[in-house]
$ cat upload.pdb   # PDB, C-alpha atoms
ATOM      1  CA  MET A   1      18.684 -21.131 -22.764
ATOM      2  CA  SER A   2      16.055 -20.100 -20.275
ATOM      3  CA  HIS A   3      15.077 -16.458 -20.154
ATOM      4  CA  LEU A   4      14.442 -14.840 -16.798
ATOM      5  CA  LEU A   5      13.340 -11.343 -15.866
ATOM      6  CA  LEU A   6      15.270  -9.142 -13.463
ATOM      7  CA  VAL A   7      12.671  -6.511 -12.589
ATOM      8  CA  PRO A   8      13.628  -3.116 -11.155
ATOM      9  CA  PHE A   9      10.132  -1.896 -10.250
ATOM     10  CA  TYR A  10      10.306   1.443  -8.449
ATOM     11  CA  GLU A  11       6.659   2.028  -7.562
ATOM     12  CA  HIS A  12       5.031   1.956  -4.148
ATOM     13  CA  PRO A  13       2.854  -1.111  -3.464
ATOM     14  CA  ALA A  14       0.093   1.092  -2.040
ATOM     15  CA  ASP A  15      -0.064   3.015  -5.332
ATOM     16  CA  ARG A  16       0.243   0.011  -7.679
ATOM     17  CA  PRO A  17      -1.062  -3.067  -5.837
ATOM     18  CA  GLU A  18      -2.197  -4.771  -9.045
ATOM     19  CA  ALA A  19       1.299  -4.527 -10.516
ATOM     20  CA  TRP A  20       2.883  -6.073  -7.435
ATOM     21  CA  SER A  21       0.296  -8.863  -7.571
ATOM     22  CA  ALA A  22       1.220  -9.457 -11.212
ATOM     23  CA  LEU A  23       4.843  -9.916 -10.157
ATOM     24  CA  VAL A  24       3.786 -12.510  -7.581
ATOM     25  CA  ASP A  25       1.797 -14.352 -10.279
ATOM     26  CA  ALA A  26       4.821 -14.287 -12.610
ATOM     27  CA  ALA A  27       7.184 -15.705  -9.966
ATOM     28  CA  PRO A  28       8.495 -18.686 -12.001
ATOM     29  CA  SER A  29       9.709 -16.398 -14.803
ATOM     30  CA  LEU A  30      11.586 -13.996 -12.511
ATOM     31  CA  TYR A  31      15.312 -13.962 -11.804
ATOM     32  CA  GLY A  32      14.552 -11.440  -9.091
ATOM     33  CA  VAL A  33      12.826  -8.209  -8.096
ATOM     34  CA  VAL A  34      14.727  -5.131  -6.933
ATOM     35  CA  VAL A  35      13.330  -3.778  -3.658
ATOM     36  CA  ASN A  36      13.734   0.005  -3.628
ATOM     37  CA  PRO A  37      11.444   1.893  -1.233
ATOM     38  CA  ALA A  38      13.369   5.193  -1.172
ATOM     39  CA  SER A  39      16.346   5.106  -3.579
ATOM     40  CA  GLY A  40      17.608   2.606  -1.042
ATOM     41  CA  ALA A  41      16.096   1.210   2.122
ATOM     42  CA  GLY A  42      15.064   4.615   3.500
ATOM     43  CA  GLU A  43      15.130   5.702   7.133
ATOM     44  CA  ALA A  44      12.371   3.452   8.468
ATOM     45  CA  ARG A  45      10.666   0.196   7.536
ATOM     46  CA  ASP A  46       7.747   0.726   5.117
ATOM     47  CA  PRO A  47       4.946  -1.714   6.046
ATOM     48  CA  ALA A  48       3.470  -1.767   2.523
ATOM     49  CA  PHE A  49       6.838  -2.669   1.001
ATOM     50  CA  ALA A  50       7.411  -5.251   3.728
ATOM     51  CA  ALA A  51       4.063  -6.891   2.925
ATOM     52  CA  ALA A  52       4.818  -6.915  -0.814
ATOM     53  CA  ALA A  53       8.260  -8.386  -0.137
ATOM     54  CA  ASP A  54       6.695 -11.093   2.046
ATOM     55  CA  ARG A  55       4.318 -12.093  -0.762
ATOM     56  CA  LEU A  56       7.102 -12.259  -3.337
ATOM     57  CA  ARG A  57       9.350 -14.243  -1.021
ATOM     58  CA  ALA A  58       6.522 -16.682  -0.272
ATOM     59  CA  ALA A  59       6.164 -17.189  -4.033
ATOM     60  CA  GLY A  60       9.848 -18.090  -4.247
ATOM     61  CA  VAL A  61      11.085 -14.817  -5.764
ATOM     62  CA  ARG A  62      14.638 -13.641  -5.104
ATOM     63  CA  LEU A  63      14.603 -10.164  -3.519
ATOM     64  CA  LEU A  64      17.463  -7.775  -4.236
ATOM     65  CA  GLY A  65      17.933  -4.761  -1.980
ATOM     66  CA  TYR A  66      18.760  -1.569  -3.897
ATOM     67  CA  ALA A  67      21.798   0.512  -2.949
ATOM     68  CA  ASP A  68      23.250   3.388  -4.957
ATOM     69  CA  THR A  69      27.056   3.389  -4.993
ATOM     70  CA  ASP A  70      27.501   6.632  -6.990
ATOM     71  CA  TYR A  71      30.294   5.129  -9.117
ATOM     72  CA  GLY A  72      32.418   4.454  -6.058
ATOM     73  CA  ARG A  73      31.944   7.868  -4.455
ATOM     74  CA  ARG A  74      29.318   6.876  -1.895
ATOM     75  CA  PRO A  75      30.919   5.870   1.416
ATOM     76  CA  HIS A  76      31.284   2.144   1.980
ATOM     77  CA  ALA A  77      29.478   2.328   5.335
ATOM     78  CA  ASP A  78      26.408   4.021   3.805
ATOM     79  CA  VAL A  79      26.074   1.312   1.146
ATOM     80  CA  VAL A  80      26.377  -1.422   3.769
ATOM     81  CA  THR A  81      23.788   0.290   6.009
ATOM     82  CA  ASP A  82      21.332   0.212   3.087
ATOM     83  CA  LEU A  83      21.933  -3.503   2.550
ATOM     84  CA  LEU A  84      21.540  -4.360   6.248
ATOM     85  CA  ARG A  85      18.286  -2.392   6.431
ATOM     86  CA  HIS A  86      16.952  -4.163   3.337
ATOM     87  CA  ARG A  87      17.765  -7.500   4.941
ATOM     88  CA  ASP A  88      16.297  -6.645   8.342
ATOM     89  CA  TRP A  89      13.197  -4.770   7.139
ATOM     90  CA  TYR A  90      12.311  -6.571   3.896
ATOM     91  CA  GLY A  91      13.996  -9.968   4.123
ATOM     92  CA  THR A  92      16.093  -9.450   0.997
ATOM     93  CA  ASP A  93      18.403 -12.303   0.091
ATOM     94  CA  GLY A  94      20.414 -10.411  -2.521
ATOM     95  CA  ALA A  95      21.789  -6.985  -3.385
ATOM     96  CA  PHE A  96      21.403  -4.762  -6.453
ATOM     97  CA  LEU A  97      24.189  -2.183  -6.479
ATOM     98  CA  ASP A  98      23.400   0.712  -8.800
ATOM     99  CA  GLN A  99      25.683   3.203 -10.555
ATOM    100  CA  VAL A 100      28.674   0.892 -10.328
ATOM    101  CA  SER A 101      31.934   2.007 -11.906
ATOM    102  CA  THR A 102      33.203   0.175 -14.992
ATOM    103  CA  ALA A 103      36.852   1.079 -14.309
ATOM    104  CA  PRO A 104      39.568  -1.312 -13.133
ATOM    105  CA  GLY A 105      40.708   1.321 -10.624
ATOM    106  CA  ALA A 106      37.516   0.883  -8.596
ATOM    107  CA  LEU A 107      37.767  -2.913  -8.333
ATOM    108  CA  ALA A 108      39.283  -2.913  -4.830
ATOM    109  CA  HIS A 109      36.501  -0.648  -3.518
ATOM    110  CA  TYR A 110      33.766  -2.831  -4.979
ATOM    111  CA  ARG A 111      35.455  -6.028  -3.833
ATOM    112  CA  ARG A 112      35.191  -4.701  -0.262
ATOM    113  CA  VAL A 113      31.533  -3.813  -0.821
ATOM    114  CA  ALA A 114      30.904  -7.294  -2.220
ATOM    115  CA  VAL A 115      32.452  -8.962   0.831
ATOM    116  CA  ALA A 116      30.261  -6.809   3.087
ATOM    117  CA  ALA A 117      27.165  -7.582   1.003
ATOM    118  CA  ARG A 118      27.820 -11.316   1.268
ATOM    119  CA  SER A 119      28.325 -10.943   5.035
ATOM    120  CA  ALA A 120      24.977  -9.114   5.176
ATOM    121  CA  GLY A 121      23.289 -12.175   3.693
ATOM    122  CA  ALA A 122      23.360 -11.381  -0.035
ATOM    123  CA  ALA A 123      23.388 -14.799  -1.688
ATOM    124  CA  THR A 124      23.040 -13.003  -5.039
ATOM    125  CA  LEU A 125      24.991  -9.879  -5.962
ATOM    126  CA  VAL A 126      24.041  -7.847  -9.042
ATOM    127  CA  LEU A 127      26.197  -4.934 -10.169
ATOM    128  CA  ASN A 128      24.525  -2.369 -12.416
ATOM    129  CA  HIS A 129      27.293  -0.781 -14.468
ATOM    130  CA  GLY A 130      24.934   0.221 -17.267
ATOM    131  CA  ALA A 131      27.833  -0.225 -19.699
ATOM    132  CA  HIS A 132      30.478  -2.850 -20.325
ATOM    133  CA  PRO A 133      32.806  -3.080 -17.288
ATOM    134  CA  ASP A 134      36.310  -4.307 -16.661
ATOM    135  CA  PRO A 135      36.156  -8.140 -16.586
ATOM    136  CA  GLY A 136      37.491  -8.191 -13.013
ATOM    137  CA  TYR A 137      34.036  -7.353 -11.645
ATOM    138  CA  ALA A 138      32.752 -10.772 -12.669
ATOM    139  CA  GLU A 139      35.029 -12.390 -10.077
ATOM    140  CA  PHE A 140      32.880 -11.300  -7.131
ATOM    141  CA  ALA A 141      29.382 -10.720  -8.563
ATOM    142  CA  ASP A 142      26.729 -13.113  -9.845
ATOM    143  CA  LEU A 143      25.343 -10.805 -12.520
ATOM    144  CA  LEU A 144      26.691  -7.721 -14.270
ATOM    145  CA  VAL A 145      24.295  -5.272 -15.908
ATOM    146  CA  THR A 146      26.343  -4.371 -18.964
ATOM    147  CA  PHE A 147      23.674  -2.229 -20.633
ATOM    148  CA  GLU A 148      21.001   0.073 -19.270
ATOM    149  CA  GLY A 149      19.397   2.482 -21.675
ATOM    150  CA  PRO A 150      16.681   3.087 -24.281
ATOM    151  CA  TRP A 151      15.670   0.676 -27.004
ATOM    152  CA  ASP A 152      16.655   3.130 -29.743
ATOM    153  CA  THR A 153      20.263   2.875 -28.552
ATOM    154  CA  TYR A 154      20.163  -0.815 -27.692
ATOM    155  CA  ARG A 155      18.967  -1.956 -31.110
ATOM    156  CA  THR A 156      21.968  -0.322 -32.809
ATOM    157  CA  LEU A 157      24.567  -2.095 -30.648
ATOM    158  CA  ASP A 158      26.172  -5.502 -31.012
ATOM    159  CA  LEU A 159      26.890  -6.158 -27.341
ATOM    160  CA  PRO A 160      28.804  -9.121 -25.935
ATOM    161  CA  VAL A 161      26.639 -11.816 -24.378
ATOM    162  CA  ALA A 162      27.594 -14.081 -21.480
ATOM    163  CA  PRO A 163      25.553 -16.045 -18.928
ATOM    164  CA  HIS A 164      26.459 -13.521 -16.213
ATOM    165  CA  TYR A 165      25.510 -10.434 -18.262
ATOM    166  CA  CYS A 166      22.138  -8.689 -18.002
ATOM    167  CA  HIS A 167      20.641  -5.992 -20.231
ATOM    168  CA  LEU A 168      18.030  -3.521 -18.939
ATOM    169  CA  VAL A 169      16.168  -1.729 -21.731
ATOM    170  CA  TYR A 170      13.517   0.971 -21.427
ATOM    171  CA  ALA A 171      11.347   2.813 -23.956
ATOM    172  CA  ALA A 172      10.941  -0.623 -25.545
ATOM    173  CA  PRO A 173       8.088  -1.526 -27.909
ATOM    174  CA  PRO A 174       5.961  -4.611 -27.183
ATOM    175  CA  GLY A 175       7.546  -7.953 -27.934
ATOM    176  CA  VAL A 176      11.150  -6.823 -27.478
ATOM    177  CA  ARG A 177      13.397  -9.332 -25.729
ATOM    178  CA  PRO A 178      17.004  -8.387 -24.957
ATOM    179  CA  VAL A 179      19.680 -10.884 -25.982
ATOM    180  CA  THR A 180      20.952 -11.840 -22.512
ATOM    181  CA  ALA A 181      19.415 -14.757 -20.614
ATOM    182  CA  VAL A 182      18.574 -12.456 -17.688
ATOM    183  CA  HIS A 183      17.065  -9.165 -18.804
ATOM    184  CA  CYS A 184      14.234  -6.669 -18.573
ATOM    185  CA  ALA A 185      12.559  -4.518 -21.231
ATOM    186  CA  VAL A 186       9.911  -2.013 -20.175
ATOM    187  CA  PRO A 187       7.829   0.557 -22.084
ATOM    188  CA  GLY A 188       8.589   3.363 -19.630
ATOM    189  CA  THR A 189      10.384   6.520 -20.742
ATOM    190  CA  GLY A 190      11.639   9.765 -19.272
ATOM    191  CA  ALA A 191      13.191  10.217 -15.854
ATOM    192  CA  HIS A 192      11.343   7.272 -14.287
ATOM    193  CA  PRO A 193      11.216   4.379 -16.782
ATOM    194  CA  TRP A 194      11.366   1.721 -14.065
ATOM    195  CA  GLY A 195       7.900   2.624 -12.865
ATOM    196  CA  THR A 196       6.559   0.311 -15.570
ATOM    197  CA  LEU A 197       6.571  -3.476 -15.730
ATOM    198  CA  PRO A 198       7.897  -5.703 -18.500
ATOM    199  CA  GLU A 199       5.503  -7.985 -20.335
ATOM    200  CA  LEU A 200       4.796 -10.752 -17.838
ATOM    201  CA  PRO A 201       3.583 -14.228 -18.705
ATOM    202  CA  GLU A 202      -0.035 -14.959 -17.859
ATOM    203  CA  PRO A 203      -0.253 -16.782 -14.545
ATOM    204  CA  ALA A 204      -0.942 -20.497 -14.805
ATOM    205  CA  ARG A 205      -4.475 -21.238 -13.706
TER     206      ARG A 205
END
$ encode --input "upload.pdb" --output "structure tokens"
Amino acid sequence: MSHLLLVPFYEHPADRPEAWSALVDAAPSLYGVVVNPASGAGEARDPAFAAAADRLRAAGVRLLGYADTDYGRRPHADVVTDLLRHRDWYGTDGAFLDQVSTAPGALAHYRRVAVAARSAGAATLVLNHGAHPDPGYAEFADLLVTFEGPWDTYRTLDLPVAPHYCHLVYAAPPGVRPVTAVHCAVPGTGAHPWGTLPELPEPAR
């Protein structure tokens, strides 16, 4: 089974250019990179993010536009606006929906969002539940994030594994590899763990 990295990297390219370059170099090992300029697309196109997105896309990396759904409470139209802006400003070809409900009662809401995301050009749809969701969500998404949390919690759990599950682990020691085929483990801790990169393979020279 091949292992691929889904990287939520929430740092500005102007502040961390070397890290963005490392992602470009690691392109073959990436499932995708989450593009998140401002907890979403923001109010205006950010030229530095656009340039970083162009480099990743040129390297063949799937780009996933970030949109918070607030567990179904954020209005449908606001989520779709984020996805359209990501597409138009950063050339994203996928969507990463964050704070997705796990409950069966929210399936109809998220099915509508999924249809809109596909219409907005999202060839890949990732739902970040952060915990194990109702199985119905798998019917309209490509990847379900069924765990997001610290290594100390993750290592105590015996979580189900499936090809369409992804685990995102932070506060992870070096050498940790989550059990799902698509995953990410970063050393970052605190309120902003996704400002750190996972261990990336050395670029082929």
$ residues_around --input "upload.pdb" --residues "A:His12" --least-positions-apart "4" --cutoff "8 Å" --atoms "all atoms listed in the file" --output "compact mmCIF listing (two decimals) with C-alpha atoms, in the frame of the given file"
# COMPACT_ATOMS: atom_id res chain seq x y z
CA ARG A 16 0.24 0.01 -7.68
CA PRO A 37 11.44 1.89 -1.23
CA ALA A 48 3.47 -1.77 2.52
CA PHE A 49 6.84 -2.67 1.00
$ closest_residue --input "upload.pdb" --among "A:Ala172, A:Ala103, A:Ala27, A:Leu127" --to "A:Thr69" --atoms "all atoms listed in the file"
A:Leu127
$ resolve_selection --input "upload.pdb" --expression "the PyMOL selection byres ((chain A and resi 131) around 9)" --output "PyMOL selection string"
chain A and resi 102+128-130+132-133+145-148
$ closest_residue --input "upload.pdb" --among "A:Ala14, A:Ala106, A:Leu200, A:Val33" --to "A:Asp134" --atoms "only C-alpha atoms"
A:Ala106
$ residues_around --input "upload.pdb" --residues "A:Arg62" --least-positions-apart "4" --cutoff "10 Å" --atoms "all atoms listed in the file" --output "JSON, numbers by chain"
{"A": [6, 27, 30, 31, 32, 33, 34, 53, 56, 57, 58, 91, 92, 93, 94, 95, 123, 124]}
$ write_last_selection --input "upload.pdb" --atoms "C-alpha atoms" --output "compact mmCIF listing (two decimals), in the frame of the given file"
# COMPACT_ATOMS: atom_id res chain seq x y z
CA LEU A 6 15.27 -9.14 -13.46
CA ALA A 27 7.18 -15.70 -9.97
CA LEU A 30 11.59 -14.00 -12.51
CA TYR A 31 15.31 -13.96 -11.80
CA GLY A 32 14.55 -11.44 -9.09
CA VAL A 33 12.83 -8.21 -8.10
CA VAL A 34 14.73 -5.13 -6.93
CA ALA A 53 8.26 -8.39 -0.14
CA LEU A 56 7.10 -12.26 -3.34
CA ARG A 57 9.35 -14.24 -1.02
CA ALA A 58 6.52 -16.68 -0.27
CA GLY A 91 14.00 -9.97 4.12
CA THR A 92 16.09 -9.45 1.00
CA ASP A 93 18.40 -12.30 0.09
CA GLY A 94 20.41 -10.41 -2.52
CA ALA A 95 21.79 -6.98 -3.38
CA ALA A 123 23.39 -14.80 -1.69
CA THR A 124 23.04 -13.00 -5.04
$ atom_distance --input "upload.pdb" --atom1 "atom CA of A:Gly42" --atom2 "atom CA of A:Phe96"
15.1 Å
$ closest_residue --input "upload.pdb" --among "A:Ser39, A:Leu168, A:Asp25, A:Val79" --to "A:Arg55" --atoms "all atoms listed in the file"
A:Asp25
$ decode --input "upload.pdb" --residues "stretch 101-128 of chain A" --atoms "N, CA, C and O atoms" --output "PDB file, in the first residue's frame"
ATOM      1  N   SER A 101     -19.523  17.705  10.544  1.00  0.00           N
ATOM      2  CA  SER A 101     -20.283  16.891  11.494  1.00  0.00           C
ATOM      3  C   SER A 101     -20.022  15.406  11.256  1.00  0.00           C
ATOM      4  O   SER A 101     -19.683  14.984  10.147  1.00  0.00           O
ATOM      5  N   THR A 102     -20.177  14.608  12.301  1.00  0.00           N
ATOM      6  CA  THR A 102     -20.111  13.147  12.160  1.00  0.00           C
ATOM      7  C   THR A 102     -21.508  12.537  12.130  1.00  0.00           C
ATOM      8  O   THR A 102     -21.655  11.337  11.878  1.00  0.00           O
ATOM      9  N   ALA A 103     -22.541  13.340  12.371  1.00  0.00           N
ATOM     10  CA  ALA A 103     -23.888  12.826  12.636  1.00  0.00           C
ATOM     11  C   ALA A 103     -24.665  12.510  11.356  1.00  0.00           C
ATOM     12  O   ALA A 103     -24.557  13.235  10.366  1.00  0.00           O
ATOM     13  N   PRO A 104     -25.486  11.471  11.388  1.00  0.00           N
ATOM     14  CA  PRO A 104     -26.315  11.165  10.223  1.00  0.00           C
ATOM     15  C   PRO A 104     -27.305  12.284   9.897  1.00  0.00           C
ATOM     16  O   PRO A 104     -27.665  12.475   8.736  1.00  0.00           O
ATOM     17  N   GLY A 105     -27.726  13.036  10.915  1.00  0.00           N
ATOM     18  CA  GLY A 105     -28.691  14.109  10.689  1.00  0.00           C
ATOM     19  C   GLY A 105     -28.184  15.240   9.823  1.00  0.00           C
ATOM     20  O   GLY A 105     -28.983  16.026   9.289  1.00  0.00           O
ATOM     21  N   ALA A 106     -26.868  15.346   9.669  1.00  0.00           N
ATOM     22  CA  ALA A 106     -26.299  16.431   8.853  1.00  0.00           C
ATOM     23  C   ALA A 106     -25.959  15.967   7.432  1.00  0.00           C
ATOM     24  O   ALA A 106     -25.458  16.756   6.627  1.00  0.00           O
ATOM     25  N   LEU A 107     -26.255  14.717   7.111  1.00  0.00           N
ATOM     26  CA  LEU A 107     -25.874  14.182   5.803  1.00  0.00           C
ATOM     27  C   LEU A 107     -26.475  14.978   4.649  1.00  0.00           C
ATOM     28  O   LEU A 107     -25.796  15.267   3.660  1.00  0.00           O
ATOM     29  N   ALA A 108     -27.744  15.342   4.753  1.00  0.00           N
ATOM     30  CA  ALA A 108     -28.404  16.056   3.643  1.00  0.00           C
ATOM     31  C   ALA A 108     -27.726  17.399   3.401  1.00  0.00           C
ATOM     32  O   ALA A 108     -27.512  17.805   2.241  1.00  0.00           O
ATOM     33  N   HIS A 109     -27.378  18.097   4.479  1.00  0.00           N
ATOM     34  CA  HIS A 109     -26.689  19.394   4.355  1.00  0.00           C
ATOM     35  C   HIS A 109     -25.358  19.213   3.620  1.00  0.00           C
ATOM     36  O   HIS A 109     -25.051  19.948   2.677  1.00  0.00           O
ATOM     37  N   TYR A 110     -24.588  18.231   4.054  1.00  0.00           N
ATOM     38  CA  TYR A 110     -23.259  18.047   3.460  1.00  0.00           C
ATOM     39  C   TYR A 110     -23.344  17.468   2.047  1.00  0.00           C
ATOM     40  O   TYR A 110     -22.469  17.726   1.221  1.00  0.00           O
ATOM     41  N   ARG A 111     -24.400  16.734   1.760  1.00  0.00           N
ATOM     42  CA  ARG A 111     -24.568  16.249   0.387  1.00  0.00           C
ATOM     43  C   ARG A 111     -24.765  17.441  -0.554  1.00  0.00           C
ATOM     44  O   ARG A 111     -24.210  17.482  -1.646  1.00  0.00           O
ATOM     45  N   ARG A 112     -25.537  18.422  -0.113  1.00  0.00           N
ATOM     46  CA  ARG A 112     -25.729  19.646  -0.913  1.00  0.00           C
ATOM     47  C   ARG A 112     -24.406  20.390  -1.098  1.00  0.00           C
ATOM     48  O   ARG A 112     -24.092  20.875  -2.187  1.00  0.00           O
ATOM     49  N   VAL A 113     -23.637  20.500  -0.015  1.00  0.00           N
ATOM     50  CA  VAL A 113     -22.332  21.160  -0.103  1.00  0.00           C
ATOM     51  C   VAL A 113     -21.426  20.406  -1.073  1.00  0.00           C
ATOM     52  O   VAL A 113     -20.713  21.014  -1.879  1.00  0.00           O
ATOM     53  N   ALA A 114     -21.461  19.091  -1.024  1.00  0.00           N
ATOM     54  CA  ALA A 114     -20.620  18.276  -1.898  1.00  0.00           C
ATOM     55  C   ALA A 114     -20.980  18.496  -3.363  1.00  0.00           C
ATOM     56  O   ALA A 114     -20.096  18.626  -4.220  1.00  0.00           O
ATOM     57  N   VAL A 115     -22.269  18.546  -3.659  1.00  0.00           N
ATOM     58  CA  VAL A 115     -22.708  18.796  -5.039  1.00  0.00           C
ATOM     59  C   VAL A 115     -22.200  20.159  -5.504  1.00  0.00           C
ATOM     60  O   VAL A 115     -21.693  20.307  -6.626  1.00  0.00           O
ATOM     61  N   ALA A 116     -22.303  21.159  -4.628  1.00  0.00           N
ATOM     62  CA  ALA A 116     -21.823  22.503  -4.982  1.00  0.00           C
ATOM     63  C   ALA A 116     -20.312  22.515  -5.169  1.00  0.00           C
ATOM     64  O   ALA A 116     -19.791  23.178  -6.075  1.00  0.00           O
ATOM     65  N   ALA A 117     -19.598  21.780  -4.308  1.00  0.00           N
ATOM     66  CA  ALA A 117     -18.133  21.725  -4.423  1.00  0.00           C
ATOM     67  C   ALA A 117     -17.727  21.090  -5.749  1.00  0.00           C
ATOM     68  O   ALA A 117     -16.817  21.579  -6.435  1.00  0.00           O
ATOM     69  N   ARG A 118     -18.396  20.007  -6.124  1.00  0.00           N
ATOM     70  CA  ARG A 118     -18.096  19.366  -7.402  1.00  0.00           C
ATOM     71  C   ARG A 118     -18.386  20.334  -8.556  1.00  0.00           C
ATOM     72  O   ARG A 118     -17.594  20.424  -9.500  1.00  0.00           O
ATOM     73  N   SER A 119     -19.493  21.055  -8.467  1.00  0.00           N
ATOM     74  CA  SER A 119     -19.846  22.028  -9.510  1.00  0.00           C
ATOM     75  C   SER A 119     -18.816  23.143  -9.594  1.00  0.00           C
ATOM     76  O   SER A 119     -18.612  23.731 -10.660  1.00  0.00           O
ATOM     77  N   ALA A 120     -18.172  23.440  -8.458  1.00  0.00           N
ATOM     78  CA  ALA A 120     -17.146  24.493  -8.412  1.00  0.00           C
ATOM     79  C   ALA A 120     -15.784  23.960  -8.843  1.00  0.00           C
ATOM     80  O   ALA A 120     -14.771  24.645  -8.709  1.00  0.00           O
ATOM     81  N   GLY A 121     -15.750  22.726  -9.345  1.00  0.00           N
ATOM     82  CA  GLY A 121     -14.508  22.202  -9.898  1.00  0.00           C
ATOM     83  C   GLY A 121     -13.700  21.318  -8.980  1.00  0.00           C
ATOM     84  O   GLY A 121     -12.549  20.991  -9.285  1.00  0.00           O
ATOM     85  N   ALA A 122     -14.274  20.917  -7.838  1.00  0.00           N
ATOM     86  CA  ALA A 122     -13.532  20.074  -6.890  1.00  0.00           C
ATOM     87  C   ALA A 122     -13.554  18.621  -7.366  1.00  0.00           C
ATOM     88  O   ALA A 122     -14.532  17.894  -7.158  1.00  0.00           O
ATOM     89  N   ALA A 123     -12.474  18.210  -8.011  1.00  0.00           N
ATOM     90  CA  ALA A 123     -12.359  16.808  -8.433  1.00  0.00           C
ATOM     91  C   ALA A 123     -12.137  15.902  -7.239  1.00  0.00           C
ATOM     92  O   ALA A 123     -12.466  14.717  -7.273  1.00  0.00           O
ATOM     93  N   THR A 124     -11.564  16.464  -6.167  1.00  0.00           N
ATOM     94  CA  THR A 124     -11.313  15.714  -4.929  1.00  0.00           C
ATOM     95  C   THR A 124     -11.991  16.437  -3.779  1.00  0.00           C
ATOM     96  O   THR A 124     -11.821  17.653  -3.621  1.00  0.00           O
ATOM     97  N   LEU A 125     -12.746  15.693  -2.982  1.00  0.00           N
ATOM     98  CA  LEU A 125     -13.435  16.274  -1.830  1.00  0.00           C
ATOM     99  C   LEU A 125     -13.010  15.533  -0.571  1.00  0.00           C
ATOM    100  O   LEU A 125     -13.199  14.317  -0.459  1.00  0.00           O
ATOM    101  N   VAL A 126     -12.406  16.285   0.358  1.00  0.00           N
ATOM    102  CA  VAL A 126     -11.963  15.737   1.643  1.00  0.00           C
ATOM    103  C   VAL A 126     -12.812  16.344   2.749  1.00  0.00           C
ATOM    104  O   VAL A 126     -12.955  17.570   2.822  1.00  0.00           O
ATOM    105  N   LEU A 127     -13.377  15.494   3.578  1.00  0.00           N
ATOM    106  CA  LEU A 127     -14.168  15.949   4.725  1.00  0.00           C
ATOM    107  C   LEU A 127     -13.372  15.684   5.999  1.00  0.00           C
ATOM    108  O   LEU A 127     -13.011  14.543   6.281  1.00  0.00           O
ATOM    109  N   ASN A 128     -13.115  16.753   6.761  1.00  0.00           N
ATOM    110  CA  ASN A 128     -12.398  16.586   8.024  1.00  0.00           C
ATOM    111  C   ASN A 128     -13.396  16.542   9.177  1.00  0.00           C
ATOM    112  O   ASN A 128     -13.838  17.564   9.679  1.00  0.00           O
TER     113      ASN A 128
END
